[in-house]
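This is query-v4.csv. It holds CSV, C-alpha atoms.
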chain,number,residue,atom,x,y,z
W,1,MET,CA,15.2,4.5,-4.8
W,2,ALA,CA,16.4,5.8,-8.1
W,3,LYS,CA,13.8,4.5,-10.4
W,4,GLU,CA,10.2,5.8,-10.4
W,5,ASN,CA,8.7,2.5,-11.6
W,6,LEU,CA,10.0,0.9,-8.4
W,7,VAL,CA,8.1,3.4,-6.2
W,8,THR,CA,5.0,1.8,-4.6
W,9,PRO,CA,1.6,3.6,-4.6
W,10,GLU,CA,2.0,4.2,-0.8
W,11,GLN,CA,5.3,5.8,-1.3
W,12,LYS,CA,3.9,8.0,-4.1
W,13,ALA,CA,1.2,9.2,-1.6
W,14,ALA,CA,3.9,10.0,0.9
W,15,ALA,CA,5.9,11.9,-1.7
W,16,VAL,CA,2.8,14.0,-2.5
W,17,VAL,CA,2.1,14.7,1.1
W,18,ILE,CA,5.7,15.7,1.7
W,19,SER,CA,5.7,18.0,-1.3
W,20,LEU,CA,2.6,19.9,0.1
W,21,GLY,CA,4.5,21.0,3.1
W,22,ALA,CA,3.4,20.5,6.7
W,23,GLU,CA,0.5,23.0,6.8
W,24,LYS,CA,-1.3,21.8,3.7
W,25,ALA,CA,-0.5,18.2,4.6
W,26,ALA,CA,-2.3,18.6,7.9
W,27,GLN,CA,-5.4,19.7,5.9
W,28,VAL,CA,-5.3,16.5,3.9
W,29,TYR,CA,-5.0,14.4,7.1
W,30,LYS,CA,-8.5,15.7,8.2
W,31,TYR,CA,-10.1,13.7,5.4
W,32,LEU,CA,-8.4,10.4,6.2
W,33,THR,CA,-9.5,7.6,8.5
W,34,GLU,CA,-7.3,6.8,11.6
W,35,GLU,CA,-5.9,3.8,9.8
W,36,GLU,CA,-5.1,5.8,6.7
W,37,VAL,CA,-3.4,8.4,8.8
W,38,GLN,CA,-1.2,5.7,10.4
W,39,ARG,CA,-0.3,4.0,7.2
W,40,LEU,CA,0.5,7.3,5.4
W,41,THR,CA,2.6,8.6,8.4
W,42,ILE,CA,4.7,5.4,8.4
W,43,GLU,CA,5.4,5.8,4.7
W,44,VAL,CA,6.3,9.5,5.1
W,45,ALA,CA,8.7,8.5,7.9
W,46,LYS,CA,10.3,5.7,5.9
W,47,LEU,CA,10.5,7.5,2.5
W,48,GLY,CA,13.9,9.1,2.8
W,49,PHE,CA,15.4,10.5,-0.3
W,50,LEU,CA,13.8,10.6,-3.8
W,51,PRO,CA,15.6,12.1,-6.8
W,52,ALA,CA,14.0,15.4,-8.0
W,53,GLU,CA,13.0,13.9,-11.4
W,54,VAL,CA,11.2,11.0,-9.6
W,55,THR,CA,9.3,13.4,-7.4
W,56,GLU,CA,8.4,15.5,-10.4
W,57,SER,CA,7.0,12.5,-12.2
W,58,ILE,CA,4.9,11.5,-9.2
W,59,LEU,CA,3.5,14.9,-8.8
W,60,ASP,CA,2.7,15.1,-12.5
W,61,GLU,CA,0.9,11.7,-12.3
W,62,PHE,CA,-1.0,12.9,-9.2
W,63,TYR,CA,-2.1,16.2,-11.0
W,64,LYS,CA,-3.3,14.3,-14.1
W,65,ASN,CA,-5.3,11.8,-12.0
W,66,CYS,CA,-6.9,14.7,-10.0
W,67,MET,CA,-7.9,16.4,-13.3
W,68,LEU,CA,-9.1,13.1,-14.7
W,69,GLN,CA,-11.5,12.6,-11.8
W,70,LYS,CA,-12.7,16.2,-12.0
W,71,VAL,CA,-13.6,16.2,-15.7
W,72,VAL,CA,-15.2,12.8,-15.7
W,73,THR,CA,-17.4,13.8,-12.8
W,74,GLU,CA,-18.3,17.1,-14.4
W,75,GLY,CA,-19.2,16.0,-17.9
W,76,GLY,CA,-18.8,12.3,-18.5
W,77,MET,CA,-16.3,10.4,-20.6
W,78,GLU,CA,-16.6,12.3,-23.9
W,79,TYR,CA,-16.3,15.6,-22.2
W,80,ALA,CA,-13.3,14.3,-20.3
W,81,ARG,CA,-11.6,13.1,-23.5
W,82,SER,CA,-12.0,16.5,-25.1
W,83,VAL,CA,-10.6,18.3,-22.1
W,84,LEU,CA,-7.7,15.9,-21.5
W,85,GLU,CA,-6.7,15.8,-25.2
W,86,LYS,CA,-6.5,19.6,-25.2
W,87,ALA,CA,-4.5,19.7,-22.0
W,88,PHE,CA,-2.1,16.8,-22.4
W,89,GLY,CA,-2.5,15.4,-26.0
W,90,GLU,CA,-4.2,12.3,-27.4
W,91,ASP,CA,-1.7,9.7,-26.0
W,92,VAL,CA,-1.8,10.8,-22.4
W,93,ALA,CA,-5.6,11.3,-22.6
W,94,ASN,CA,-6.1,7.8,-23.8
W,95,ASN,CA,-3.9,6.4,-21.0
W,96,LEU,CA,-5.8,8.3,-18.3
W,97,LEU,CA,-9.2,7.4,-19.6
W,98,GLY,CA,-8.1,3.8,-19.9
W,99,LYS,CA,-7.8,3.8,-16.1
W,100,VAL,CA,-11.4,4.9,-15.8
W,101,GLU,CA,-12.6,2.3,-18.2
W,102,ARG,CA,-10.8,-0.5,-16.4
W,103,THR,CA,-12.4,0.7,-13.1
W,104,LEU,CA,-15.8,0.6,-14.7
W,105,LYS,CA,-15.1,-2.9,-16.2
W,106,SER,CA,-14.0,-4.1,-12.8
W,107,ARG,CA,-17.5,-3.9,-11.5
W,108,VAL,CA,-18.5,-6.8,-13.7
W,109,PHE,CA,-16.9,-10.2,-13.2
W,110,SER,CA,-15.3,-8.8,-10.0
W,111,PHE,CA,-15.1,-12.3,-8.5
W,112,LEU,CA,-12.2,-13.1,-11.0
W,113,SER,CA,-9.8,-11.3,-8.7
W,114,LYS,CA,-10.3,-14.1,-6.1
W,115,TYR,CA,-8.9,-16.7,-8.5
W,116,ASP,CA,-5.4,-17.4,-9.8
W,117,ASP,CA,-4.9,-17.8,-13.5
W,118,LEU,CA,-4.8,-21.6,-13.3
W,119,SER,CA,-8.2,-21.7,-11.6
W,120,ILE,CA,-9.7,-19.3,-14.1
W,121,PHE,CA,-8.2,-21.4,-16.9
W,122,SER,CA,-9.9,-24.5,-15.5
W,123,ILE,CA,-13.2,-22.7,-15.4
W,124,LEU,CA,-12.9,-21.3,-19.0
W,125,SER,CA,-11.1,-24.1,-20.9
W,126,ASN,CA,-14.2,-25.9,-21.9
W,127,GLU,CA,-16.3,-22.8,-22.7
W,128,ARG,CA,-17.1,-21.6,-26.2
W,129,PRO,CA,-14.6,-19.1,-27.6
W,130,GLN,CA,-17.1,-16.3,-27.4
W,131,THR,CA,-17.6,-17.0,-23.7
W,132,ILE,CA,-13.9,-17.1,-23.1
W,133,ALA,CA,-13.4,-13.8,-25.0
W,134,LEU,CA,-16.1,-12.1,-23.0
W,135,VAL,CA,-14.6,-13.1,-19.6
W,136,LEU,CA,-11.0,-12.2,-20.7
W,137,SER,CA,-12.2,-8.8,-21.8
W,138,TYR,CA,-12.8,-8.0,-18.2
W,139,MET,CA,-9.4,-9.1,-17.0
W,140,ASP,CA,-6.0,-7.4,-17.0
W,141,SER,CA,-4.3,-7.9,-20.3
W,142,ASP,CA,-1.3,-9.8,-18.9
W,143,ARG,CA,-3.6,-12.3,-17.1
W,144,ALA,CA,-5.7,-12.7,-20.3
W,145,ALA,CA,-2.5,-13.5,-22.2
W,146,ASN,CA,-1.5,-16.2,-19.7
W,147,ILE,CA,-4.9,-17.9,-20.2
W,148,ILE,CA,-4.8,-17.6,-24.0
W,149,ALA,CA,-1.3,-19.2,-23.9
W,150,GLY,CA,-2.7,-22.3,-22.2
W,151,LEU,CA,-5.4,-22.9,-24.8
W,152,PRO,CA,-5.1,-25.5,-27.6
W,153,GLU,CA,-3.7,-23.9,-30.8
W,154,GLN,CA,-6.9,-23.6,-32.8
W,155,ARG,CA,-8.9,-22.2,-29.8
W,156,LYS,CA,-6.2,-19.5,-29.3
W,157,ILE,CA,-7.0,-18.3,-32.8
W,158,SER,CA,-10.8,-18.4,-32.2
W,159,VAL,CA,-10.5,-16.5,-28.9
W,160,VAL,CA,-8.2,-13.8,-30.2
W,161,GLU,CA,-10.5,-13.3,-33.2
W,162,ALA,CA,-13.6,-13.2,-30.9
W,163,ILE,CA,-12.0,-10.5,-28.7
W,164,ALA,CA,-10.9,-8.5,-31.7
W,165,ARG,CA,-14.4,-8.5,-33.2
W,166,MET,CA,-16.1,-7.7,-29.8
W,167,ASP,CA,-17.5,-4.2,-29.3
W,168,SER,CA,-20.2,-4.2,-26.6
W,169,ALA,CA,-22.2,-6.7,-24.6
W,170,ALA,CA,-25.7,-6.4,-23.2
W,171,PRO,CA,-26.1,-6.7,-19.5
W,172,GLU,CA,-28.4,-9.8,-20.0
W,173,ALA,CA,-25.6,-11.6,-21.8
W,174,MET,CA,-23.1,-10.8,-19.2
W,175,ARG,CA,-25.4,-12.1,-16.4
W,176,ILE,CA,-25.7,-15.4,-18.2
W,177,VAL,CA,-22.0,-15.8,-18.7
W,178,GLU,CA,-21.3,-14.8,-15.0
W,179,ARG,CA,-23.7,-17.5,-13.8
W,180,GLU,CA,-22.0,-20.1,-16.1
W,181,VAL,CA,-18.5,-19.2,-15.0
W,182,GLU,CA,-19.0,-18.5,-11.3
W,183,LYS,CA,-22.3,-19.5,-9.6
W,184,LYS,CA,-21.4,-17.6,-6.4
W,185,LEU,CA,-20.7,-14.3,-7.9
W,186,SER,CA,-21.5,-11.2,-5.9
W,187,SER,CA,-20.6,-8.4,-8.3
W,188,VAL,CA,-23.0,-5.6,-9.1
W,189,MET,CA,-24.1,-5.4,-12.8
W,190,THR,CA,-23.9,-2.2,-14.7
W,191,THR,CA,-27.2,-1.1,-16.3
W,192,ASP,CA,-25.9,0.2,-19.6
W,193,TYR,CA,-23.7,-1.1,-22.4
W,194,THR,CA,-20.0,-1.2,-21.5
W,195,LYS,CA,-17.3,-1.1,-24.2
W,196,ILE,CA,-15.3,-4.4,-24.0
W,197,GLY,CA,-12.8,-6.3,-26.1
W,198,GLY,CA,-12.1,-4.8,-29.5
W,199,ILE,CA,-8.9,-4.1,-31.4
W,200,ASP,CA,-7.3,-1.9,-28.7
W,201,TYR,CA,-7.7,-4.5,-26.0
W,202,ILE,CA,-6.6,-7.5,-28.0
W,203,ALA,CA,-3.5,-5.5,-29.2
W,204,GLU,CA,-2.7,-4.9,-25.5
W,205,VAL,CA,-3.1,-8.6,-24.8
W,206,MET,CA,-1.0,-9.6,-27.7
W,207,ASN,CA,1.8,-7.4,-26.4
W,208,TYR,CA,2.1,-9.8,-23.4
W,209,VAL,CA,1.9,-13.0,-25.5
W,210,ASP,CA,5.2,-14.9,-26.2
W,211,ARG,CA,6.6,-14.0,-29.6
W,212,SER,CA,6.3,-17.6,-30.8
W,213,ASP,CA,2.6,-17.7,-29.9
W,214,GLU,CA,2.2,-14.2,-31.4
W,215,LYS,CA,3.6,-15.3,-34.7
W,216,TYR,CA,1.5,-18.5,-34.8
W,217,ILE,CA,-1.7,-16.7,-33.9
W,218,PHE,CA,-1.2,-14.0,-36.5
W,219,ASP,CA,-0.1,-16.4,-39.2
W,220,GLU,CA,-3.2,-18.5,-38.7
W,221,LEU,CA,-5.6,-15.6,-38.3
W,222,SER,CA,-4.2,-14.1,-41.5
W,223,LYS,CA,-5.5,-17.1,-43.4
W,224,LYS,CA,-9.0,-16.0,-42.4
W,225,ASP,CA,-8.8,-12.2,-42.2
W,226,VAL,CA,-5.6,-10.3,-43.2
W,227,GLU,CA,-7.2,-6.9,-42.6
W,228,LEU,CA,-8.1,-7.8,-39.0
W,229,VAL,CA,-4.5,-8.9,-38.3
W,230,GLU,CA,-3.2,-5.6,-39.7
W,231,GLU,CA,-5.6,-3.6,-37.6
W,232,ILE,CA,-4.3,-5.4,-34.5
W,233,ARG,CA,-0.7,-5.1,-35.4
W,234,LYS,CA,-1.0,-1.3,-36.0
W,235,LYS,CA,-2.1,-0.9,-32.3
W,236,MET,CA,0.7,-3.1,-30.9
W,237,PHE,CA,4.2,-2.3,-29.9
W,238,VAL,CA,6.8,-4.9,-30.8
W,239,PHE,CA,10.6,-4.9,-30.4
W,240,GLU,CA,11.2,-3.7,-34.0
W,241,ASP,CA,9.0,-0.6,-33.3
W,242,ILE,CA,11.9,0.8,-31.3
W,243,VAL,CA,13.1,2.4,-34.6
W,244,GLY,CA,10.1,4.7,-34.5
W,245,MET,CA,10.8,6.1,-31.0
W,246,ASP,CA,12.6,9.4,-30.3
W,247,ASN,CA,16.2,9.3,-29.3
W,248,LEU,CA,15.6,10.4,-25.7
W,249,SER,CA,13.1,7.6,-25.2
W,250,ILE,CA,15.4,5.0,-26.7
W,251,GLN,CA,18.2,6.2,-24.4
W,252,ARG,CA,15.9,5.9,-21.4
W,253,VAL,CA,15.0,2.4,-22.3
W,254,ILE,CA,18.6,1.4,-22.8
W,255,ARG,CA,19.4,2.7,-19.3
W,256,GLU,CA,16.6,0.6,-17.8
W,257,VAL,CA,17.1,-2.8,-19.5
W,258,ASP,CA,19.4,-5.6,-18.4
W,259,GLN,CA,22.6,-5.5,-20.5
W,260,LYS,CA,22.4,-9.3,-21.1
W,261,ASP,CA,18.9,-8.9,-22.5
W,262,LEU,CA,20.3,-6.1,-24.8
W,263,VAL,CA,23.0,-8.5,-26.1
W,264,TYR,CA,20.6,-11.3,-26.7
W,265,ALA,CA,18.0,-9.1,-28.3
W,266,LEU,CA,20.5,-7.5,-30.7
W,267,LYS,CA,21.7,-11.0,-31.6
W,268,GLY,CA,18.5,-11.6,-33.5
W,269,ALA,CA,17.7,-7.9,-34.4
W,270,GLN,CA,17.3,-6.5,-37.9
W,271,SER,CA,20.2,-4.3,-39.0
W,272,GLU,CA,18.0,-1.2,-38.9
W,273,VAL,CA,16.9,-1.8,-35.3
W,274,ALA,CA,20.5,-2.6,-34.2
W,275,SER,CA,21.8,0.6,-35.9
W,276,VAL,CA,19.2,2.8,-34.1
W,277,ILE,CA,20.0,1.2,-30.7
W,278,PHE,CA,23.8,1.6,-31.1
W,279,ALA,CA,23.3,5.2,-32.2
W,280,ASN,CA,21.8,5.9,-28.8
W,281,MET,CA,24.6,4.3,-26.8
W,282,SER,CA,27.8,5.9,-25.5
W,283,ALA,CA,30.9,4.9,-27.4
W,284,ARG,CA,32.1,2.9,-24.4
W,285,MET,CA,28.8,1.0,-24.1
W,286,THR,CA,28.7,0.3,-27.8
W,287,GLU,CA,32.2,-1.2,-27.7
W,288,THR,CA,31.2,-3.4,-24.7
W,289,ILE,CA,28.0,-4.6,-26.3
W,290,LYS,CA,29.7,-5.4,-29.6
W,291,SER,CA,32.4,-7.3,-27.8
W,292,GLU,CA,29.7,-9.3,-26.0
W,293,LEU,CA,27.9,-10.0,-29.3
W,294,GLU,CA,31.1,-11.5,-30.7
W,295,ILE,CA,31.6,-14.0,-27.9
W,296,THR,CA,27.9,-14.8,-27.5
W,297,THR,CA,27.3,-17.8,-29.9
W,298,ASN,CA,24.9,-20.6,-30.3
W,299,VAL,CA,22.0,-18.6,-28.9
W,300,ARG,CA,18.5,-20.2,-29.1
W,301,VAL,CA,15.8,-18.3,-31.0
W,302,ARG,CA,13.6,-18.6,-27.9
W,303,ASP,CA,16.2,-16.9,-25.7
W,304,VAL,CA,16.4,-14.0,-28.3
W,305,GLU,CA,12.6,-13.7,-28.4
W,306,ASP,CA,12.4,-13.7,-24.6
W,307,ALA,CA,15.0,-11.0,-24.3
W,308,GLN,CA,13.2,-8.8,-26.8
W,309,GLN,CA,9.9,-9.4,-25.0
W,310,ARG,CA,11.5,-8.3,-21.7
W,311,ILE,CA,12.7,-5.1,-23.4
W,312,VAL,CA,9.2,-4.5,-24.8
W,313,SER,CA,7.9,-4.9,-21.2
W,314,VAL,CA,10.3,-2.2,-20.1
W,315,VAL,CA,9.1,0.1,-22.9
W,316,ARG,CA,5.5,-0.5,-21.8
W,317,LYS,CA,6.2,0.2,-18.1
W,318,LEU,CA,8.0,3.5,-19.0
W,319,GLU,CA,5.1,4.5,-21.3
W,320,ASP,CA,2.5,3.7,-18.6
W,321,ALA,CA,4.5,5.8,-16.1
W,322,GLY,CA,4.5,8.7,-18.6
W,323,GLN,CA,8.3,8.7,-18.8
W,324,ILE,CA,8.5,8.0,-22.6
W,325,ILE,CA,6.1,8.4,-25.5
W,326,VAL,CA,5.4,5.6,-27.9
W,327,SER,CA,3.5,6.4,-31.1
W,328,LYS,CA,1.3,3.6,-32.4
W,329,GLY,CA,-0.5,3.0,-35.7
W,330,GLY,CA,2.1,5.0,-37.7
W,331,LYS,CA,0.8,8.3,-36.3
W,332,ASP,CA,3.2,11.2,-35.5
W,333,ASP,CA,1.5,12.9,-32.6
W,334,ILE,CA,4.5,14.7,-31.2
W,335,ILE,CA,5.4,18.3,-31.9
W,336,ALA,CA,8.9,19.2,-30.7

Go ahead and express the file in the form of C-alpha cells.
Amino acid sequence: MAKENLVTPEQKAAAVVISLGAEKAAQVYKYLTEEEVQRLTIEVAKLGFLPAEVTESILDEFYKNCMLQKVVTEGGMEYARSVLEKAFGEDVANNLLGKVERTLKSRVFSFLSKYDDLSIFSILSNERPQTIALVLSYMDSDRAANIIAGLPEQRKISVVEAIARMDSAAPEAMRIVEREVEKKLSSVMTTDYTKIGGIDYIAEVMNYVDRSDEKYIFDELSKKDVELVEEIRKKMFVFEDIVGMDNLSIQRVIREVDQKDLVYALKGAQSEVASVIFANMSARMTETIKSELEITTNVRVRDVEDAQQRIVSVVRKLEDAGQIIVSKGGKDDIIA
C-alpha cells in the first residue's frame, strides 16, 4: 500500500501499535476491550509492509491528534488554538481544531447520519432557505454540496447566501428546526451557542460543487453582494490556485492524479497554470502530456471542468492528510 491516503483508520492504528514495539504495545492493549483487541490484532497481522514515509505521516498525525485532545481538555478551544499555532503553525492548527468543531457539531442533528442524501433532500426541499442553511451547516461539506446541487437555481443562491451570513444559532432555534425536519430525533442538544455556517464553511462546501454550478451561484450572488462573493472566494481553493502552491506540493499532486485528468484539465487551463504544471514535470512526462494534448480534440467544457475538479479533490485530500500545504486568502504563511 504505497499511498497514505489509501490507508484505513484501522490500518493506521495497527501502524502505530507496531511502531511502539511489543512491550509498549502490550501496555496499550490493557486499555482496550476484548473486541477492540481482536480487531486491532487482526489489522496488525494483515498490515504487511508500509513505506517509511507513510508510517512517518501516520505517526505525525497520531501525535498531533494526541496533542489536540490534551490541550483542548486542559484549557478549551482558545487555549488549544494558541498552543497548536505555536507548535505547528496556523494552517495545521486550523485543520486540527476543525476536527474538534465537527465532533461538537455532530451532537446536534445527529439523526442525519441515518439518512442518505436523497432522503435528506426530500425532507429539506420545501423548507425555507434559512432552515436548509441551518441543517446543511451540521452536515459534511461534500454532502451539503450534493443537496445544494439538487435545489432549484434561485434557491441555491438563497441557501448559499444564508450559510455564508450565518454565525451562530441559539439552542431554542435548533430545537425547533430539528422537530420540523425529523420528529423522531434522539440527539442531545448542546446548552451553549455553537459556531455554525459562515464564510469558512460555505467556502468548503463550494469546493465540492460542480464548476458550472459554482460559476452560476457566484455570478448570481455577485448581483446582490460582490463583497460576500469575494470573501468566499478568498477561502476557496480552485484549480487555478495551483499556481500559488510550492513546487514540491505541485509535484506531489502530479504524481497522485490520473494522467487523463491532467490532459483534460490542461486542455482548458490558463497559460500561467499550464506553465507552472509543466515546470514541475519531468522532461519525459512533459513530452507525453503535450503529445496527448495535440491528439485530444473536441473536448467538452464539462469534461474539462470535471477533470479539474477531480484534481482539486486530490489537492484537498493531500492537504487534509498533512502531505502538502495550501495557502488560502492570499496569505504567505510558510517560512522555508

> Which residue gives the smallest distance to W:Glu178 among W:Asn207, W:Asn298, W:Thr131, W:Ser122, with only C-alpha atoms counted?
Replying inline: W:Thr131

> Could you pull the residues within 10 Å of W:Ser249, counting all atoms listed in the file, minus those fewer than 5 positions along the same chain, as a ChimeraX atom specification?
Replying inline: /W:242,254-255,280,315,318-319,323-326

Resulting file, chosen residues, C-alpha atoms, as a short mmCIF file (atom, residue, chain, number, x, y, z; two decimals), in the coordinates of the input:
data_model
loop_
_atom_site.label_atom_id
_atom_site.label_comp_id
_atom_site.auth_asym_id
_atom_site.auth_seq_id
_atom_site.Cartn_x
_atom_site.Cartn_y
_atom_site.Cartn_z
CA ILE W 242 11.90 0.80 -31.30
CA ILE W 254 18.60 1.40 -22.80
CA ARG W 255 19.40 2.70 -19.30
CA ASN W 280 21.80 5.90 -28.80
CA VAL W 315 9.10 0.10 -22.90
CA LEU W 318 8.00 3.50 -19.00
CA GLU W 319 5.10 4.50 -21.30
CA GLN W 323 8.30 8.70 -18.80
CA ILE W 324 8.50 8.00 -22.60
CA ILE W 325 6.10 8.40 -25.50
CA VAL W 326 5.40 5.60 -27.90
#

> From the set W:Ser282, W:Ser291, W:Ser82, W:Ser119, which residue has the shortest atom-to-atom contact distance to W:Asn146, counting only C-alpha atoms?
Replying inline: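 When distances to W:Asn146 are compared using only C-alpha atoms, the smallest one comes from W:Ser119.
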
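With distances restricted to only C-alpha atoms, W:Leu262 is the closest residue to W:Ile289 from W:Val304, W:Leu124, W:Leu262, W:Ile199.
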
> From the set W:Ala144, W:Ala26, W:Val312, W:Ile58, which residue has the shortest atom-to-atom contact distance to W:Glu10, counting only C-alpha atoms?
Replying inline: W:Ile58

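You will find atom CA of W:Asp140 at 17.9 Å from atom CA of W:Gln309.
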
>> When you look at W:Val273 with a cut-off of 9 Å (counting all atoms listed in the file), what residues show up, excluding the ones that are within fewer than 5 positions of it in the same chain? I need them as a PyMOL selection string.
In response: chain W and resi 239-243+266+278

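One distance worth recording is that between atom CA of W:Lys234 and atom CA of W:Gly198, which is 13.3 Å.
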
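Going from atom CA of W:Ala164 over to atom CA of W:Ala203, you cover 8.4 Å.
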
Extract, using all atoms listed in the file, all DNA, RNA and protein residues at most 12 Å from W:Ser19, discarding same-chain residues fewer than 2 positions from it, and format them as a PDB file with C-alpha atoms, keeping the file's coordinate frame.
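Dumped everything to around_29.pdb:
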ATOM      1  CA  LYS W  12       3.900   8.000  -4.100  1.00  0.00           C
ATOM      2  CA  ALA W  13       1.200   9.200  -1.600  1.00  0.00           C
ATOM      3  CA  ALA W  14       3.900  10.000   0.900  1.00  0.00           C
ATOM      4  CA  ALA W  15       5.900  11.900  -1.700  1.00  0.00           C
ATOM      5  CA  VAL W  16       2.800  14.000  -2.500  1.00  0.00           C
ATOM      6  CA  VAL W  17       2.100  14.700   1.100  1.00  0.00           C
ATOM      7  CA  GLY W  21       4.500  21.000   3.100  1.00  0.00           C
ATOM      8  CA  ALA W  22       3.400  20.500   6.700  1.00  0.00           C
ATOM      9  CA  GLU W  23       0.500  23.000   6.800  1.00  0.00           C
ATOM     10  CA  LYS W  24      -1.300  21.800   3.700  1.00  0.00           C
ATOM     11  CA  ALA W  25      -0.500  18.200   4.600  1.00  0.00           C
ATOM     12  CA  VAL W  44       6.300   9.500   5.100  1.00  0.00           C
ATOM     13  CA  LEU W  50      13.800  10.600  -3.800  1.00  0.00           C
ATOM     14  CA  ALA W  52      14.000  15.400  -8.000  1.00  0.00           C
ATOM     15  CA  THR W  55       9.300  13.400  -7.400  1.00  0.00           C
ATOM     16  CA  GLU W  56       8.400  15.500 -10.400  1.00  0.00           C
ATOM     17  CA  ILE W  58       4.900  11.500  -9.200  1.00  0.00           C
ATOM     18  CA  LEU W  59       3.500  14.900  -8.800  1.00  0.00           C
ATOM     19  CA  ASP W  60       2.700  15.100 -12.500  1.00  0.00           C
ATOM     20  CA  PHE W  62      -1.000  12.900  -9.200  1.00  0.00           C
TER      21      PHE W  62
END

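The smallest atom-to-atom distance between W:Val238 and any of W:Asn126, W:Gln270, W:Ser212, W:Ser313, using only C-alpha atoms, is found for W:Ser313.
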
>> Just want the 12 Å neighbourhood of stretch 147-155 of chain W, counted on only C-alpha atoms, with same-chain residues fewer than 3 positions away dropped. Output as JSON, numbers by chain.
In response: {"W": [116, 117, 118, 119, 120, 121, 122, 123, 124, 125, 126, 127, 128, 129, 130, 131, 132, 133, 135, 136, 137, 139, 140, 141, 142, 143, 144, 158, 159, 160, 161, 162, 163, 202, 205, 206, 208, 209, 210, 211, 212, 213, 214, 215, 216, 217, 218, 219, 220, 221]}

> With only C-alpha atoms as the atoms that count, which of W:Asp320, W:Glu305, W:Glu180, W:Glu231 lies nearest to W:Tyr201?
Replying inline: W:Glu231

Filled-in N, CA, C and O atoms of stretch 116-127 of chain W, supplied as a JSON list (two decimals), keeping the file's coordinate frame:
[["chain", "number", "residue", "atom", "x", "y", "z"],
["W", 116, "ASP", "N", -6.67, -17.46, -9.01],
["W", 116, "ASP", "CA", -5.40, -17.40, -9.80],
["W", 116, "ASP", "C", -5.68, -17.76, -11.21],
["W", 116, "ASP", "O", -6.76, -18.25, -11.55],
["W", 117, "ASP", "N", -4.69, -17.53, -12.08],
["W", 117, "ASP", "CA", -4.90, -17.80, -13.50],
["W", 117, "ASP", "C", -5.20, -19.25, -13.80],
["W", 117, "ASP", "O", -5.99, -19.55, -14.69],
["W", 118, "LEU", "N", -4.58, -20.15, -13.05],
["W", 118, "LEU", "CA", -4.80, -21.60, -13.30],
["W", 118, "LEU", "C", -6.25, -21.94, -12.99],
["W", 118, "LEU", "O", -6.89, -22.71, -13.73],
["W", 119, "SER", "N", -6.81, -21.38, -11.91],
["W", 119, "SER", "CA", -8.20, -21.70, -11.60],
["W", 119, "SER", "C", -9.16, -21.11, -12.63],
["W", 119, "SER", "O", -10.11, -21.78, -13.02],
["W", 120, "ILE", "N", -8.86, -19.90, -13.09],
["W", 120, "ILE", "CA", -9.70, -19.30, -14.10],
["W", 120, "ILE", "C", -9.62, -20.10, -15.42],
["W", 120, "ILE", "O", -10.63, -20.33, -16.09],
["W", 121, "PHE", "N", -8.40, -20.56, -15.73],
["W", 121, "PHE", "CA", -8.20, -21.40, -16.90],
["W", 121, "PHE", "C", -9.07, -22.64, -16.85],
["W", 121, "PHE", "O", -9.71, -23.04, -17.83],
["W", 122, "SER", "N", -9.08, -23.27, -15.67],
["W", 122, "SER", "CA", -9.90, -24.50, -15.50],
["W", 122, "SER", "C", -11.35, -24.25, -15.67],
["W", 122, "SER", "O", -12.09, -25.10, -16.16],
["W", 123, "ILE", "N", -11.80, -23.05, -15.28],
["W", 123, "ILE", "CA", -13.20, -22.70, -15.40],
["W", 123, "ILE", "C", -13.56, -22.43, -16.89],
["W", 123, "ILE", "O", -14.63, -22.81, -17.37],
["W", 124, "LEU", "N", -12.62, -21.80, -17.62],
["W", 124, "LEU", "CA", -12.90, -21.30, -19.00],
["W", 124, "LEU", "C", -12.58, -22.34, -20.08],
["W", 124, "LEU", "O", -13.12, -22.24, -21.18],
["W", 125, "SER", "N", -11.66, -23.26, -19.81],
["W", 125, "SER", "CA", -11.10, -24.10, -20.90],
["W", 125, "SER", "C", -12.08, -24.81, -21.75],
["W", 125, "SER", "O", -11.84, -25.05, -22.94],
["W", 126, "ASN", "N", -13.21, -25.17, -21.16],
["W", 126, "ASN", "CA", -14.20, -25.90, -21.90],
["W", 126, "ASN", "C", -15.36, -25.06, -22.43],
["W", 126, "ASN", "O", -16.34, -25.57, -22.98],
["W", 127, "GLU", "N", -15.25, -23.75, -22.23],
["W", 127, "GLU", "CA", -16.30, -22.80, -22.70],
["W", 127, "GLU", "C", -16.14, -22.52, -24.18],
["W", 127, "GLU", "O", -15.08, -22.73, -24.76]]
